[in-house]
Amino acid sequence: MRIRLLALAAGCAAALLVDPAAAAPRCDRIAARIQNLQQLPVANLGRLRRLQRRYADRCVRLNQIQVLGSHNSYHRLPRPTLLSVLLALDPLFEGFVYEHAPLDVQFETQGIRQIELDVFYDPLGGHYGTRKVLPLLGEDGMAPPVMFEPGMKVFHVQEVDFETTCATLVECLETIRNWSSDNRRHLPIVVLIEAKDDPIIDPLNLGFAVPLPFDEAAFDALDAEIRSVFPPRKLITPDDVRGTHATLEEAILTDGWPTLREARGKVMFLLDNEGKQAIYTAGHPNLEGRVLFTNADPGDPDAAFVKRNDPIGDTDIPSLVQAGYLVRTRADADTVQSRTNDPTQRDAALASGAQFVSTDYPVPNLDFSPYVVEIPGGHTARCNPLNAPPACEDSVLEILP
């Protein structure tokens, strides 16, 4: 019985991806029927809509759409007393002057489908339990009780930029899970994880917390925390996508990514850090058993996702998208585009075809300017301008209750 169950599980994993060769004739037939209906003087709109939804589900793949992401999606403004001191010390701290709504609000009202979480390893709890600067400003330096619990913590920079809408990784993930459970046909939520362990300068020798290194044990703990919240059926993992191929890269360049039907209601995790790829893949060269897709270079066996944050200077983004990689880029950074109301980088990001366009401004900060980033067309997602199949229709990519 155990052998039969294992064989069945392996078969299910191999069957996650629809065979592109087998699906092509069916998709061609649906596309032809859509075109015929659109050419009628009076189209049957209900039938047309059903066919378009069927086409989106069965014939459009995860890498053939474009969605909006938020940068440091947990981030809240530093408290005023601390922020005023930081800005007086260095104008570079202007880059901290942005904040986001709670994750579920971003999903529900802002159309965000890709988020970013900065995580710090804290296996015993309490490593970030005090904020050393706050007593100098006349404020209590004790962190909330949740910061003393074991587990990954989520914030931007220890000691100076720690305000967050969800203090622990599990809390953030539970927010995602609960919204997903209430909206089961959503497009996949993509979570970019930055594993942070850099120390910062402690000019007054206050004893700033020095982050624990993100070693193999830390990454094992990261995977375990994710799996503690999401069961396998709710995740898109490297094993799912690789299937029977020798490498993950071979899989995405040949069979491609899951269809939207296969991906709906699921969550997918990406590792931001280039410098930690070797640690995460140690003993898992094809990401066997891992949860996150790494930020790898094309040609690496684990290459499937790449980060290219400069859509103006990174001119290879369109070719990467056309080849089959998932690409994340940024529409803005460090509040600069909002302060100057400059859409240049935003427009380049959207035109690049990168599947995930990240911003700090899914809603404008009118104290700066009307600058805002939205998916063209007014929908949560759009058919990717570079590689979407011909009958793809923006308005049916995601329809929630």
# chains A, B, ... in the order shown; residues from 1 in each chain; ligands from 1

$ closest_atom_pairs --of "range 35-96 of chain A" --to "range 150-171 of chain A" --cutoff "6 Å" --atoms "only C-alpha atoms" --output "JSON lines"
{"residue": "A:Tyr74", "atom": "CA", "partner": "A:Thr165", "partner_atom": "CA", "distance": 5.2}
{"residue": "A:His75", "atom": "CA", "partner": "A:Thr164", "partner_atom": "CA", "distance": 5.0}
{"residue": "A:Arg76", "atom": "CA", "partner": "A:Glu163", "partner_atom": "CA", "distance": 5.2}
{"residue": "A:Pro78", "atom": "CA", "partner": "A:Asp161", "partner_atom": "CA", "distance": 5.9}

$ write_last_selection --atoms "N, CA, C and O atoms" --output "PDB file, in the first residue's frame"
ATOM      1  N   TYR A  74       5.343  44.805   3.917  1.00  0.00           N
ATOM      2  CA  TYR A  74       4.967  44.904   5.327  1.00  0.00           C
ATOM      3  C   TYR A  74       5.226  46.289   5.899  1.00  0.00           C
ATOM      4  O   TYR A  74       4.830  46.600   7.031  1.00  0.00           O
ATOM      5  N   HIS A  75       5.903  47.162   5.178  1.00  0.00           N
ATOM      6  CA  HIS A  75       6.562  48.349   5.732  1.00  0.00           C
ATOM      7  C   HIS A  75       5.582  49.421   6.181  1.00  0.00           C
ATOM      8  O   HIS A  75       4.650  49.782   5.460  1.00  0.00           O
ATOM      9  N   ARG A  76       5.841  49.946   7.386  1.00  0.00           N
ATOM     10  CA  ARG A  76       5.137  51.119   7.892  1.00  0.00           C
ATOM     11  C   ARG A  76       6.145  52.234   8.125  1.00  0.00           C
ATOM     12  O   ARG A  76       7.348  51.982   8.302  1.00  0.00           O
ATOM     13  N   PRO A  78       8.469  54.803   9.901  1.00  0.00           N
ATOM     14  CA  PRO A  78       9.053  54.895  11.245  1.00  0.00           C
ATOM     15  C   PRO A  78       8.272  55.900  12.088  1.00  0.00           C
ATOM     16  O   PRO A  78       7.694  56.866  11.557  1.00  0.00           O
TER      17      PRO A  78
END

$ residues_around --residues "range 390-400 of chain A" --least-positions-apart "6" --cutoff "8 Å" --atoms "only C-alpha atoms" --output "ChimeraX atom specification"
/A:31,34-35,49,52-53,55-57,60,183,185-187,377,379-383

$ residues_around --residues "Arg26 in chain A" --least-positions-apart "5" --cutoff "12 Å" --atoms "only C-alpha atoms" --output "list in words"
Val18, Asp19, Pro20, Ala21, Ala31, Ala32, Arg33, Leu51, Arg54, Tyr55, Arg58 and Cys59 of chain A

$ write_last_selection --atoms "N, CA and C atoms" --output "PDB file, in the first residue's frame"
ATOM      1  N   VAL A  18       0.298  20.756 -17.532  1.00  0.00           N
ATOM      2  CA  VAL A  18      -0.347  20.253 -18.736  1.00  0.00           C
ATOM      3  C   VAL A  18       0.693  20.166 -19.844  1.00  0.00           C
ATOM      4  N   ASP A  19       0.718  19.048 -20.554  1.00  0.00           N
ATOM      5  CA  ASP A  19       1.655  18.863 -21.663  1.00  0.00           C
ATOM      6  C   ASP A  19       1.361  19.901 -22.736  1.00  0.00           C
ATOM      7  N   PRO A  20       2.305  20.808 -23.041  1.00  0.00           N
ATOM      8  CA  PRO A  20       2.032  21.858 -24.023  1.00  0.00           C
ATOM      9  C   PRO A  20       1.650  21.308 -25.392  1.00  0.00           C
ATOM     10  N   ALA A  21       2.304  20.224 -25.816  1.00  0.00           N
ATOM     11  CA  ALA A  21       1.999  19.666 -27.141  1.00  0.00           C
ATOM     12  C   ALA A  21       0.566  19.141 -27.201  1.00  0.00           C
ATOM     13  N   ALA A  31      -9.475  29.196 -29.336  1.00  0.00           N
ATOM     14  CA  ALA A  31      -9.154  30.518 -29.891  1.00  0.00           C
ATOM     15  C   ALA A  31      -9.934  30.780 -31.168  1.00  0.00           C
ATOM     16  N   ALA A  32     -10.076  29.768 -32.017  1.00  0.00           N
ATOM     17  CA  ALA A  32     -10.831  29.934 -33.259  1.00  0.00           C
ATOM     18  C   ALA A  32     -12.303  30.224 -32.973  1.00  0.00           C
ATOM     19  N   ARG A  33     -12.879  29.542 -31.981  1.00  0.00           N
ATOM     20  CA  ARG A  33     -14.279  29.781 -31.638  1.00  0.00           C
ATOM     21  C   ARG A  33     -14.471  31.195 -31.083  1.00  0.00           C
ATOM     22  N   LEU A  51     -16.054  31.164 -23.098  1.00  0.00           N
ATOM     23  CA  LEU A  51     -14.922  30.645 -23.867  1.00  0.00           C
ATOM     24  C   LEU A  51     -13.621  31.370 -23.496  1.00  0.00           C
ATOM     25  N   ARG A  54     -12.445  29.961 -20.250  1.00  0.00           N
ATOM     26  CA  ARG A  54     -11.885  28.632 -20.448  1.00  0.00           C
ATOM     27  C   ARG A  54     -10.494  28.733 -21.057  1.00  0.00           C
ATOM     28  N   TYR A  55     -10.339  29.630 -22.020  1.00  0.00           N
ATOM     29  CA  TYR A  55      -9.032  29.821 -22.652  1.00  0.00           C
ATOM     30  C   TYR A  55      -8.009  30.310 -21.620  1.00  0.00           C
ATOM     31  N   ARG A  58      -7.019  27.307 -19.292  1.00  0.00           N
ATOM     32  CA  ARG A  58      -6.355  26.147 -19.867  1.00  0.00           C
ATOM     33  C   ARG A  58      -5.175  26.477 -20.776  1.00  0.00           C
ATOM     34  N   CYS A  59      -5.130  27.706 -21.277  1.00  0.00           N
ATOM     35  CA  CYS A  59      -4.171  28.009 -22.339  1.00  0.00           C
ATOM     36  C   CYS A  59      -3.202  29.137 -21.994  1.00  0.00           C
TER      37      CYS A  59
END

$ select_by_dssp --residues "range 222-341 of chain A" --states "strand (DSSP E or B)" --output "PyMOL selection string"
chain A and resi 235-236+259+267-271+292-293+295+305-307+326-330

$ write_last_selection --atoms "C-alpha atoms" --output "compact mmCIF listing (two decimals), in the first residue's frame"
# COMPACT_ATOMS: atom_id res chain seq x y z
CA LEU A 235 2.07 25.68 -2.95
CA ILE A 236 3.79 25.90 -6.32
CA THR A 259 -1.49 27.07 -16.52
CA VAL A 267 1.15 30.61 -3.33
CA MET A 268 4.67 30.62 -4.74
CA PHE A 269 7.89 31.71 -3.01
CA LEU A 270 10.99 33.30 -4.55
CA LEU A 271 14.39 33.98 -2.96
CA LEU A 292 11.63 28.74 -2.82
CA PHE A 293 12.70 29.37 -6.40
CA ASN A 295 17.24 34.18 -8.09
CA PHE A 305 13.28 33.16 -11.75
CA VAL A 306 15.53 36.18 -12.23
CA LYS A 307 15.50 39.59 -10.59
CA LEU A 326 9.87 34.72 -14.54
CA VAL A 327 11.23 38.24 -14.03
CA ARG A 328 10.68 40.74 -11.25
CA THR A 329 11.53 44.39 -11.81
CA ARG A 330 10.88 47.68 -10.04

$ closest_atom_pairs --of "range 129-171 of chain A" --to "range 80-91 of chain A" --cutoff "10 Å" --atoms "only C-alpha atoms" --output "tab-separated table"
residue	atom	partner	partner_atom	distance
A:Val133	CA	A:Leu82	CA	8.2
A:Leu134	CA	A:Leu82	CA	7.4
A:Leu136	CA	A:Leu82	CA	9.8
A:Leu137	CA	A:Thr81	CA	6.9
A:Gly138	CA	A:Thr81	CA	9.1
A:Glu139	CA	A:Thr81	CA	8.9
A:Val160	CA	A:Leu82	CA	7.6
A:Asp161	CA	A:Leu83	CA	8.8

$ closest_atom_pairs --of "range 89-202 of chain A" --to "range 222-231 of chain A" --cutoff "12 Å" --atoms "only C-alpha atoms" --output "JSON lines"
{"residue": "A:Asp118", "atom": "CA", "partner": "A:Leu222", "partner_atom": "CA", "distance": 11.9}
{"residue": "A:Val119", "atom": "CA", "partner": "A:Leu222", "partner_atom": "CA", "distance": 8.9}
{"residue": "A:Phe120", "atom": "CA", "partner": "A:Leu222", "partner_atom": "CA", "distance": 9.7}
{"residue": "A:Tyr121", "atom": "CA", "partner": "A:Leu222", "partner_atom": "CA", "distance": 8.3}
{"residue": "A:Asp122", "atom": "CA", "partner": "A:Leu222", "partner_atom": "CA", "distance": 10.5}
{"residue": "A:Pro123", "atom": "CA", "partner": "A:Leu222", "partner_atom": "CA", "distance": 10.2}
{"residue": "A:Pro150", "atom": "CA", "partner": "A:Glu225", "partner_atom": "CA", "distance": 11.0}
{"residue": "A:Gly151", "atom": "CA", "partner": "A:Glu225", "partner_atom": "CA", "distance": 8.0}
{"residue": "A:Met152", "atom": "CA", "partner": "A:Leu222", "partner_atom": "CA", "distance": 7.3}
{"residue": "A:Lys153", "atom": "CA", "partner": "A:Leu222", "partner_atom": "CA", "distance": 10.7}
{"residue": "A:Thr168", "atom": "CA", "partner": "A:Glu225", "partner_atom": "CA", "distance": 10.4}
{"residue": "A:Leu169", "atom": "CA", "partner": "A:Glu225", "partner_atom": "CA", "distance": 7.7}
{"residue": "A:Val170", "atom": "CA", "partner": "A:Glu225", "partner_atom": "CA", "distance": 6.7}
{"residue": "A:Glu171", "atom": "CA", "partner": "A:Val229", "partner_atom": "CA", "distance": 9.5}
{"residue": "A:Cys172", "atom": "CA", "partner": "A:Val229", "partner_atom": "CA", "distance": 10.1}
{"residue": "A:Leu173", "atom": "CA", "partner": "A:Val229", "partner_atom": "CA", "distance": 6.7}
{"residue": "A:Glu174", "atom": "CA", "partner": "A:Val229", "partner_atom": "CA", "distance": 6.6}
{"residue": "A:Thr175", "atom": "CA", "partner": "A:Val229", "partner_atom": "CA", "distance": 10.1}
{"residue": "A:Ile176", "atom": "CA", "partner": "A:Val229", "partner_atom": "CA", "distance": 9.6}
{"residue": "A:Arg177", "atom": "CA", "partner": "A:Phe230", "partner_atom": "CA", "distance": 7.3}
{"residue": "A:Asn178", "atom": "CA", "partner": "A:Val229", "partner_atom": "CA", "distance": 10.2}
{"residue": "A:Ser180", "atom": "CA", "partner": "A:Phe230", "partner_atom": "CA", "distance": 10.7}
{"residue": "A:Ser181", "atom": "CA", "partner": "A:Phe230", "partner_atom": "CA", "distance": 11.0}
{"residue": "A:Val191", "atom": "CA", "partner": "A:Ile226", "partner_atom": "CA", "distance": 10.8}
{"residue": "A:Ile193", "atom": "CA", "partner": "A:Leu222", "partner_atom": "CA", "distance": 9.8}
{"residue": "A:Glu194", "atom": "CA", "partner": "A:Leu222", "partner_atom": "CA", "distance": 11.1}
{"residue": "A:Ala195", "atom": "CA", "partner": "A:Leu222", "partner_atom": "CA", "distance": 9.2}

$ atom_distance --atom1 "CA of Tyr371 in chain A" --atom2 "CA of Leu350 in chain A"
14.7 Å

$ residues_around --residues "Leu386 in chain A" --least-positions-apart "3" --cutoff "8 Å" --atoms "only C-alpha atoms" --output "list in words"
Pro318, Val321, Gln322, Ser352 and Gly353 of chain A

$ write_last_selection --atoms "N, CA and C atoms" --output "short mmCIF file (atom, residue, chain, number, x, y, z; two decimals), in the first residue's frame"
data_model
loop_
_atom_site.label_atom_id
_atom_site.label_comp_id
_atom_site.auth_asym_id
_atom_site.auth_seq_id
_atom_site.Cartn_x
_atom_site.Cartn_y
_atom_site.Cartn_z
N PRO A 318 13.29 41.78 -21.74
CA PRO A 318 12.37 41.19 -22.73
C PRO A 318 12.83 39.82 -23.24
N VAL A 321 12.07 37.18 -20.62
CA VAL A 321 10.64 36.87 -20.60
C VAL A 321 10.27 35.99 -21.78
N GLN A 322 10.75 36.34 -22.95
CA GLN A 322 10.44 35.55 -24.15
C GLN A 322 10.98 34.13 -24.05
N SER A 352 8.50 46.26 -20.33
CA SER A 352 9.55 45.24 -20.42
C SER A 352 9.00 43.83 -20.51
N GLY A 353 7.76 43.64 -20.07
CA GLY A 353 7.18 42.31 -20.04
C GLY A 353 7.47 41.54 -18.76
#

$ closest_residue --among "A:Leu320, A:Val372, A:Ala217, A:Ala354" --to "Asn384 in chain A" --atoms "only C-alpha atoms"
A:Ala354

$ select_by_dssp --residues "range 169-262 of chain A" --states "helix (DSSP H, G or I)" --output "PyMOL selection string"
chain A and resi 169-182+216-229+232-234+238-242+248-254+260-262

$ closest_residue --among "A:Gly69, A:Pro362, A:Pro25, A:Gly95" --to "Arg339 in chain A" --atoms "only C-alpha atoms"
A:Gly95
